[in-house]
file coords.txt (compact mmCIF, C-alpha atoms)
# COMPACT_ATOMS: atom_id res chain seq x y z
CA MET A 1 115.17 112.78 42.48
CA PRO A 2 114.33 109.07 42.70
CA TRP A 3 112.06 108.08 45.59
CA GLU A 4 113.74 105.98 48.34
CA ASP A 5 112.14 103.31 50.53
CA MET A 6 113.02 102.58 54.18
CA GLY A 7 115.86 100.30 53.13
CA GLY A 8 117.64 103.08 51.25
CA ARG A 9 116.92 101.79 47.75
CA SER A 10 115.65 104.21 45.13
CA PHE A 11 112.83 103.86 42.64
CA ASP A 12 114.47 104.10 39.22
CA LYS A 13 112.74 106.18 36.62
CA GLN A 14 111.43 104.21 33.63
CA PRO A 15 112.15 105.41 30.04
CA PRO A 16 109.05 106.67 28.24
CA LEU A 17 107.18 104.33 25.93
CA GLU A 18 108.06 106.44 22.91
CA GLU A 19 111.75 105.96 23.63
CA TRP A 20 111.33 102.17 23.76
CA ILE A 21 109.48 102.16 20.44
CA ARG A 22 112.03 104.48 18.83
CA ASN A 23 114.90 102.24 19.97
CA ILE A 24 113.16 99.18 18.52
CA GLN A 25 112.55 100.95 15.21
CA ASP A 26 116.18 102.08 15.00
CA LYS A 27 117.42 98.61 15.86
CA PHE A 28 115.39 96.76 13.27
CA LYS A 29 115.29 99.50 10.62
CA GLY A 30 116.29 98.11 7.26
CA LYS A 31 116.58 94.54 8.55
CA ILE A 32 112.95 93.44 8.18
CA PRO A 33 112.03 92.24 4.69
CA LYS A 34 109.23 94.02 2.98
CA VAL A 35 106.86 91.06 3.01
CA PRO A 36 103.45 90.95 4.71
CA GLY A 37 104.26 87.89 6.87
CA ALA A 38 107.32 89.51 8.42
CA TRP A 39 105.40 92.63 9.33
CA ILE A 40 102.67 90.52 10.89
CA ALA A 41 105.25 88.73 13.04
CA VAL A 42 106.76 92.06 14.09
CA ALA A 43 103.29 93.32 14.99
CA ILE A 44 102.60 90.22 17.10
CA VAL A 45 105.93 90.62 18.94
CA ALA A 46 105.26 94.30 19.50
CA PHE A 47 101.79 93.53 20.81
CA ILE A 48 103.15 90.96 23.28
CA TRP A 49 105.88 93.41 24.28
CA VAL A 50 103.40 96.17 25.01
CA PHE A 51 100.73 93.88 26.55
CA THR A 52 103.13 92.28 29.03
CA GLY A 53 105.16 95.43 29.63
CA PHE A 54 102.61 97.65 31.37
CA TYR A 55 101.65 97.06 34.99
CA THR A 56 99.96 98.99 37.79
CA VAL A 57 101.07 99.29 41.42
CA GLY A 58 98.33 99.96 43.99
CA VAL A 59 98.37 102.84 46.46
CA ASP A 60 99.20 100.47 49.34
CA GLU A 61 101.81 98.50 47.38
CA VAL A 62 105.37 98.67 46.17
CA GLY A 63 106.54 96.97 42.98
CA VAL A 64 109.75 94.92 43.18
CA VAL A 65 111.24 94.44 39.69
CA GLN A 66 113.57 91.52 38.89
CA ARG A 67 115.47 91.07 35.65
CA PHE A 68 116.31 87.45 34.97
CA GLY A 69 115.72 86.80 38.68
CA LYS A 70 118.04 89.55 39.93
CA TYR A 71 116.66 92.49 41.89
CA VAL A 72 116.71 95.68 39.79
CA ARG A 73 114.53 98.38 41.32
CA LEU A 74 111.46 99.36 43.33
CA THR A 75 108.52 101.19 41.76
CA GLN A 76 106.04 103.39 43.54
CA PRO A 77 102.26 103.32 43.11
CA GLY A 78 101.02 104.12 39.64
CA LEU A 79 101.27 102.92 35.99
CA HIS A 80 104.70 101.61 34.94
CA PHE A 81 106.38 99.82 32.05
CA LYS A 82 108.85 96.93 32.19
CA LEU A 83 110.54 94.56 29.79
CA PRO A 84 108.37 91.70 28.53
CA LYS A 85 107.53 88.61 30.51
CA GLY A 86 110.48 86.29 30.74
CA ILE A 87 112.93 89.17 31.03
CA GLU A 88 111.59 91.26 33.87
CA LYS A 89 109.22 90.19 36.62
CA VAL A 90 107.23 92.38 39.05
CA THR A 91 106.26 91.30 42.56
CA LYS A 92 103.79 93.55 44.33
CA VAL A 93 104.25 93.86 48.09
CA LYS A 94 101.61 95.46 50.30
CA VAL A 95 103.61 97.78 52.57
CA ARG A 96 100.65 99.45 54.28
CA LYS A 97 98.66 96.37 55.14
CA VAL A 98 98.76 95.21 58.77
CA TYR A 99 99.35 91.46 58.97
CA LYS A 100 98.50 89.32 61.98
CA GLU A 101 99.95 86.19 63.56
CA GLU A 102 98.15 84.36 66.41
CA PHE A 103 99.80 82.11 68.99
CA GLY A 104 97.84 79.72 71.20
CA LEU A 105 94.54 80.67 69.54
CA ARG A 106 92.93 81.11 66.14
CA THR A 107 90.22 83.56 65.13
CA ILE A 108 87.13 81.91 63.68
CA ARG A 109 85.12 85.05 63.11
CA ALA A 110 86.19 88.62 63.82
CA GLY A 111 83.76 91.26 64.95
CA VAL A 112 82.33 92.94 68.02
CA ARG A 113 82.26 89.54 69.69
CA THR A 114 85.23 87.80 68.17
CA GLU A 115 85.02 84.01 68.19
CA TYR A 116 88.16 81.94 68.73
CA ALA A 117 88.89 78.28 68.18
CA PRO A 118 89.39 76.12 71.31
CA GLN A 119 92.82 76.71 72.83
CA LYS A 120 93.38 72.99 73.37
CA ALA A 121 94.21 72.58 69.67
CA TYR A 122 97.05 75.12 69.94
CA LEU A 123 98.16 74.49 73.52
CA GLU A 124 101.74 73.63 72.52
CA GLU A 125 102.23 77.21 71.27
CA SER A 126 101.06 78.91 74.47
CA LEU A 127 102.11 76.45 77.19
CA MET A 128 105.11 78.03 78.98
CA LEU A 129 107.20 77.61 82.13
CA THR A 130 107.39 80.68 84.35
CA GLY A 131 110.28 81.83 86.49
CA ASP A 132 108.81 80.33 89.68
CA LEU A 133 108.52 76.90 87.98
CA ASN A 134 104.78 77.13 87.33
CA VAL A 135 103.10 76.34 84.02
CA GLY A 136 100.97 78.98 82.34
CA VAL A 137 98.88 79.18 79.17
CA VAL A 138 99.98 82.44 77.52
CA PRO A 139 98.23 83.26 74.20
CA TRP A 140 99.18 86.39 72.27
CA ILE A 141 98.72 88.15 68.92
CA ILE A 142 101.34 89.96 66.81
CA GLN A 143 100.51 92.67 64.25
CA TYR A 144 103.17 93.83 61.79
CA ARG A 145 103.86 95.59 58.48
CA ILE A 146 106.40 94.99 55.72
CA SER A 147 108.84 97.88 56.07
CA ASP A 148 111.54 96.70 53.63
CA PRO A 149 110.22 94.77 50.60
CA TYR A 150 113.71 93.92 49.38
CA LYS A 151 114.70 92.19 52.64
CA TYR A 152 111.25 90.65 52.97
CA LEU A 153 111.50 88.95 49.55
CA PHE A 154 115.19 88.12 49.21
CA LYS A 155 116.93 87.96 52.62
CA VAL A 156 114.88 85.25 54.37
CA ARG A 157 113.49 82.13 52.72
CA ASP A 158 110.42 81.71 55.01
CA VAL A 159 109.64 85.05 56.63
CA ARG A 160 106.39 83.96 58.27
CA GLY A 161 107.92 80.82 59.76
CA THR A 162 110.92 82.80 60.97
CA LEU A 163 108.63 85.37 62.58
CA ARG A 164 106.66 82.70 64.43
CA ASP A 165 109.76 80.88 65.64
CA LEU A 166 111.45 84.07 66.86
CA SER A 167 108.24 85.27 68.50
CA GLU A 168 107.84 82.04 70.48
CA ALA A 169 111.48 82.15 71.57
CA VAL A 170 111.28 85.76 72.75
CA MET A 171 107.96 85.29 74.53
CA ARG A 172 109.20 82.20 76.37
CA GLN A 173 112.29 84.14 77.43
CA VAL A 174 110.24 87.06 78.80
CA VAL A 175 107.72 84.81 80.56
CA GLY A 176 110.51 82.68 82.00
CA ASP A 177 111.88 85.70 83.85
CA ARG A 178 108.63 86.29 85.77
CA SER A 179 106.40 84.52 88.27
CA ILE A 180 102.99 83.15 87.32
CA ASN A 181 101.26 86.00 89.19
CA GLU A 182 103.27 88.60 87.26
CA VAL A 183 102.46 86.88 83.97
CA ILE A 184 98.75 87.04 84.82
CA SER A 185 98.65 90.59 86.23
CA LYS A 186 101.33 92.41 84.16
CA ARG A 187 100.42 91.46 80.60
CA GLN A 188 100.98 94.93 79.13
CA GLU A 189 104.45 95.16 80.64
CA ILE A 190 105.35 91.74 79.21
CA ALA A 191 103.95 92.72 75.79
CA ASN A 192 106.02 95.91 75.67
CA GLU A 193 109.23 94.14 76.63
CA ALA A 194 108.60 91.32 74.15
CA LYS A 195 107.95 93.82 71.35
CA VAL A 196 111.31 95.53 71.88
CA LEU A 197 113.26 92.26 72.03
CA LEU A 198 111.44 90.71 69.06
CA GLN A 199 111.99 93.78 66.88
CA ASP A 200 115.71 93.62 67.63
CA VAL A 201 116.04 89.98 66.56
CA LEU A 202 113.87 90.58 63.46
CA ASN A 203 116.18 93.40 62.44
CA GLU A 204 119.24 91.20 62.97
CA ALA A 205 117.65 88.50 60.79
CA GLU A 206 116.92 91.11 58.07
CA THR A 207 113.29 90.06 57.73
CA GLY A 208 112.11 93.52 56.59
CA ILE A 209 109.27 93.40 59.14
CA SER A 210 108.24 96.23 61.49
CA LEU A 211 106.09 95.30 64.48
CA VAL A 212 102.94 97.34 65.11
CA THR A 213 101.84 95.82 68.41
CA ILE A 214 101.88 92.69 70.56
CA GLU A 215 98.61 91.95 72.35
CA MET A 216 98.58 89.57 75.31
CA LYS A 217 95.36 87.63 75.73
CA THR A 218 94.01 86.29 79.04
CA THR A 219 96.66 84.19 80.74
CA THR A 220 95.53 81.11 82.67
CA VAL A 221 96.92 77.84 83.94
CA PRO A 222 96.26 74.34 82.50
CA GLU A 223 92.89 72.83 83.39
CA PRO A 224 94.30 69.97 85.54
CA VAL A 225 95.88 72.43 87.98
CA GLN A 226 93.11 75.05 87.83
CA PRO A 227 91.45 73.99 91.15
CA SER A 228 94.76 74.06 93.01
CA PHE A 229 95.63 77.38 91.47
CA ASN A 230 92.26 78.80 92.56
CA GLU A 231 92.92 77.63 96.12
CA VAL A 232 96.29 79.35 96.06
CA ASN A 233 94.68 82.55 94.83
CA GLN A 234 92.05 82.33 97.56
CA ALA A 235 94.80 81.86 100.14
CA LEU A 236 96.65 84.87 98.77
CA GLN A 237 93.47 86.93 98.88
CA GLU A 238 92.89 85.84 102.48
CA LYS A 239 96.44 86.81 103.28
CA GLU A 240 95.92 90.24 101.74
CA ARG A 241 92.66 90.63 103.66
CA MET A 242 94.34 89.79 106.97
CA ILE A 243 97.20 92.17 106.21
CA TYR A 244 94.66 94.89 105.45
CA GLN A 245 92.81 94.24 108.69
CA ALA A 246 96.08 94.28 110.63
CA LYS A 247 97.04 97.58 109.06
CA GLU A 248 93.59 98.97 109.85
CA ALA A 249 93.92 97.93 113.51
CA TYR A 250 97.43 99.36 113.57
CA ASN A 251 96.22 102.66 112.17
CA LYS A 252 93.57 102.81 114.89
CA ALA A 253 95.70 101.70 117.86
CA ILE A 254 98.91 103.59 117.15
CA PRO A 255 97.36 107.07 116.88
CA ALA A 256 95.33 106.41 120.06
CA ALA A 257 98.47 105.27 121.89
CA LYS A 258 100.38 108.28 120.61
CA GLY A 259 97.58 110.58 121.80
CA GLU A 260 97.55 108.96 125.24
CA ALA A 261 101.31 109.23 125.45
CA GLU A 262 101.14 112.89 124.47
CA ARG A 263 98.47 113.54 127.09
CA THR A 264 100.55 111.82 129.79
CA ILE A 265 103.59 113.86 128.80
CA LYS A 266 101.60 117.10 128.94
CA THR A 267 100.20 116.14 132.39
CA ALA A 268 103.69 115.37 133.64
CA GLU A 269 105.00 118.64 132.29
CA GLY A 270 102.14 120.49 134.03
CA TYR A 271 102.85 118.71 137.31
CA TYR A 272 106.53 119.52 136.91
CA LEU A 273 105.83 123.20 136.36
CA ASP A 274 103.44 123.28 139.33
CA ARG A 275 105.96 121.69 141.68
CA VAL A 276 108.77 123.91 140.46
CA ASN A 277 106.67 127.06 140.81
CA ARG A 278 105.50 126.06 144.27
CA ALA A 279 109.03 125.31 145.34
CA LYS A 280 110.19 128.63 144.01
CA GLY A 281 107.34 130.39 145.88
CA ASP A 282 108.12 128.58 149.13
CA ALA A 283 111.79 129.39 148.74
CA ALA A 284 111.01 133.07 148.07
CA ARG A 285 108.68 133.23 151.09
CA PHE A 286 111.26 131.58 153.33
CA ILE A 287 113.94 133.98 152.14
CA SER A 288 111.68 136.99 152.86
CA LEU A 289 110.95 135.63 156.36
CA TRP A 290 114.60 135.04 156.94
CA LYS A 291 115.44 138.58 155.91
CA ALA A 292 112.74 140.00 158.23
CA TYR A 293 113.95 137.75 161.06
CA ALA A 294 117.51 138.90 160.50
CA LYS A 295 116.44 142.53 160.87
CA SER A 296 114.36 142.14 164.11
CA LYS A 297 114.55 138.66 165.59
CA ASP A 298 112.27 139.14 168.64
CA VAL A 299 109.44 140.79 166.80
CA THR A 300 109.59 138.30 163.95
CA ARG A 301 109.73 135.32 166.32
CA ARG A 302 106.70 136.60 168.24
CA ARG A 303 104.79 137.27 165.02
CA LEU A 304 105.49 133.80 163.72
CA TYR A 305 104.43 132.32 167.05
CA LEU A 306 101.16 134.21 167.04
CA GLU A 307 100.45 133.34 163.42
CA ALA A 308 101.03 129.69 164.18
CA LEU A 309 98.60 129.84 167.14
CA HIS A 310 96.09 131.63 164.95
CA GLU A 311 96.21 128.78 162.46
CA VAL A 312 96.26 125.95 165.01
CA PHE A 313 93.69 127.02 167.61
CA PRO A 314 90.64 127.10 165.30
CA LYS A 315 91.31 123.45 164.48
CA LEU A 316 91.33 122.33 168.16
CA GLY A 317 87.63 122.90 168.88
CA SER A 318 86.54 123.81 172.49
CA LYS A 319 89.32 124.78 174.83
CA TYR A 320 89.34 124.90 178.65
CA ILE A 321 91.91 126.99 180.47
CA VAL A 322 92.20 126.10 184.19
CA ASP A 323 94.21 127.89 186.76
CA SER A 324 96.91 125.61 188.12
CA GLU A 325 96.19 126.74 191.67
CA GLN A 326 92.46 126.11 191.48
CA ARG A 327 91.25 123.44 193.87
CA GLY A 328 88.22 121.31 193.36
CA ILE A 329 87.68 121.82 189.66
CA ILE A 330 84.71 119.53 189.47
CA PRO A 331 82.20 121.75 191.29
CA LEU A 332 83.18 124.70 189.12
CA LEU A 333 82.79 123.20 185.70
CA ASN A 334 79.84 121.42 184.11
CA LEU A 335 81.84 119.13 181.90
CA GLY A 336 78.70 117.55 180.45
CA GLN A 337 77.74 120.75 178.65
CA ARG A 338 79.33 121.85 175.40
CA GLY A 339 81.38 124.95 175.58
CA GLY A 340 82.76 126.28 178.83
CA GLN A 341 85.23 128.84 179.93
CA LYS A 342 87.71 129.63 177.31
call {"tool": "encode", "arguments": {"input": "coords.txt", "output": "structure tokens"}}
result
Amino acid sequence: MPWEDMGGRSFDKQPPLEEWIRNIQDKFKGKIPKVPGAWIAVAIVAFIWVFTGFYTVGVDEVGVVQRFGKYVRLTQPGLHFKLPKGIEKVTKVKVRKVYKEEFGLRTIRAGVRTEYAPQKAYLEESLMLTGDLNVGVVPWIIQYRISDPYKYLFKVRDVRGTLRDLSEAVMRQVVGDRSINEVISKRQEIANEAKVLLQDVLNEAETGISLVTIEMKTTTVPEPVQPSFNEVNQALQEKERMIYQAKEAYNKAIPAAKGEAERTIKTAEGYYLDRVNRAKGDAARFISLWKAYAKSKDVTRRRLYLEALHEVFPKLGSKYIVDSEQRGIIPLLNLGQRGGQK
């Protein structure tokens, strides 16, 4: 079975070298004069044929074979044979290598502490208008692989230029749908959305490119507006701080007010139950007195009268009872002393 790449094309099997030599011998058998010079010429042609016919494809490559400029086949890694130079041509494409394109910046030296060129030189690539009509400096990096060598070589004239143009268009579209604060704080979300959209347009353009990742670098604003932007950020931070303090005060005051309200409700309910129970007790006592009075009115009336006097008299203090027929009360009573006849 021939091996197939991601584009659906198969790697055609090459005829063995012995078969090529046998075909040449059969073709020219009996036609070459038996003179030394002719055999030397045949040997030279055979040498050129063999020398330019063998080629090697690396483990991370795919060989794209063209015959008179027309695509013929793909060859997998290993040693292969083709027709001589001028008839068939091999272009080796690295399908496992990860390529990189930078926008708004350039890497001077990669490493643990990567050094970048000044962004001012590439400001036109990263200067974008956001959805809230602010201007932001949005640098980013794209990493990709060649997934379809046939499309990569023959479908688009300038694949790298097309990739850069499409990437800028997609990134400006995504950034233009968001505010400057979202562009600064939600870089990963923007990168994910841009990757999906860019891959779709690359597939439509038949570039043969598969994106690996899109990395958003630190997003800022242009230097002339940096002080004003910092003041806006400070104002927003102050706003957030005041909102936090208000929420903190709210969380303290509301539970306290709810607790006080609950306590007042419980006190009112207790007072209500006390009044109701007292009223019920007074009503029950009155009903029992009324029933006793209904059974024996005189006795009950006298008992109530005596009970009332028993409750009232102790509160009156000293009491003097004087006979209505007594004459000359003054000589009989020493009103200056406490107590007296009761």
call {"tool": "atom_distance", "arguments": {"input": "coords.txt", "atom1": "atom CA of A:Leu129", "atom2": "atom CA of A:Asp177"}}
result
9.5 Å
call {"tool": "atom_distance", "arguments": {"input": "coords.txt", "atom1": "atom CA of A:Asp148", "atom2": "atom CA of A:Glu215"}}
result
23.2 Å
call {"tool": "residues_around", "arguments": {"input": "coords.txt", "residues": "A:Lys217", "least_positions_apart": "6", "cutoff": "9 Å", "atoms": "all atoms listed in the file", "output": "count of residues only"}}
result
5
call {"tool": "atom_distance", "arguments": {"input": "coords.txt", "atom1": "atom CA of A:Glu102", "atom2": "atom CA of A:Ala191"}}
result
13.8 Å
call {"tool": "closest_residue", "arguments": {"input": "coords.txt", "among": "A:Asn192, A:Ser126, A:Gln237, A:Asn203", "to": "A:Thr218", "atoms": "only C-alpha atoms"}}
result
A:Ser126
call {"tool": "closest_residue", "arguments": {"input": "coords.txt", "among": "A:Arg164, A:Lys92, A:Lys186, A:Arg178", "to": "A:Tyr150", "atoms": "all atoms listed in the file"}}
result
A:Lys92
call {"tool": "build_atoms", "arguments": {"input": "coords.txt", "residues": "stretch 130-142 of chain A", "atoms": "N, CA and C atoms", "output": "tab-separated table (two decimals), in the coordinates of the input"}}
result
chain	number	residue	atom	x	y	z
A	130	THR	N	107.08	79.37	83.78
A	130	THR	CA	107.39	80.68	84.35
A	130	THR	C	108.64	80.62	85.22
A	131	GLY	N	109.06	81.78	85.69
A	131	GLY	CA	110.28	81.83	86.49
A	131	GLY	C	110.18	81.15	87.83
A	132	ASP	N	108.98	81.02	88.40
A	132	ASP	CA	108.81	80.33	89.68
A	132	ASP	C	108.40	78.88	89.48
A	133	LEU	N	108.72	78.32	88.30
A	133	LEU	CA	108.52	76.90	87.98
A	133	LEU	C	107.04	76.52	87.97
A	134	ASN	N	106.18	77.44	87.57
A	134	ASN	CA	104.78	77.13	87.33
A	134	ASN	C	104.54	77.09	85.82
A	135	VAL	N	103.45	76.46	85.44
A	135	VAL	CA	103.10	76.34	84.02
A	135	VAL	C	101.91	77.25	83.74
A	136	GLY	N	102.04	78.07	82.71
A	136	GLY	CA	100.97	78.98	82.34
A	136	GLY	C	100.61	78.83	80.87
A	137	VAL	N	99.36	79.16	80.55
A	137	VAL	CA	98.88	79.18	79.17
A	137	VAL	C	98.84	80.65	78.75
A	138	VAL	N	99.77	81.03	77.86
A	138	VAL	CA	99.98	82.44	77.52
A	138	VAL	C	99.72	82.64	76.02
A	139	PRO	N	98.50	82.95	75.61
A	139	PRO	CA	98.23	83.26	74.20
A	139	PRO	C	98.52	84.73	73.89
A	140	TRP	N	98.91	85.01	72.66
A	140	TRP	CA	99.18	86.39	72.27
A	140	TRP	C	99.01	86.55	70.76
A	141	ILE	N	98.91	87.80	70.32
A	141	ILE	CA	98.72	88.15	68.92
A	141	ILE	C	99.76	89.19	68.52
A	142	ILE	N	100.35	89.02	67.34
A	142	ILE	CA	101.34	89.96	66.81
A	142	ILE	C	100.76	90.61	65.55
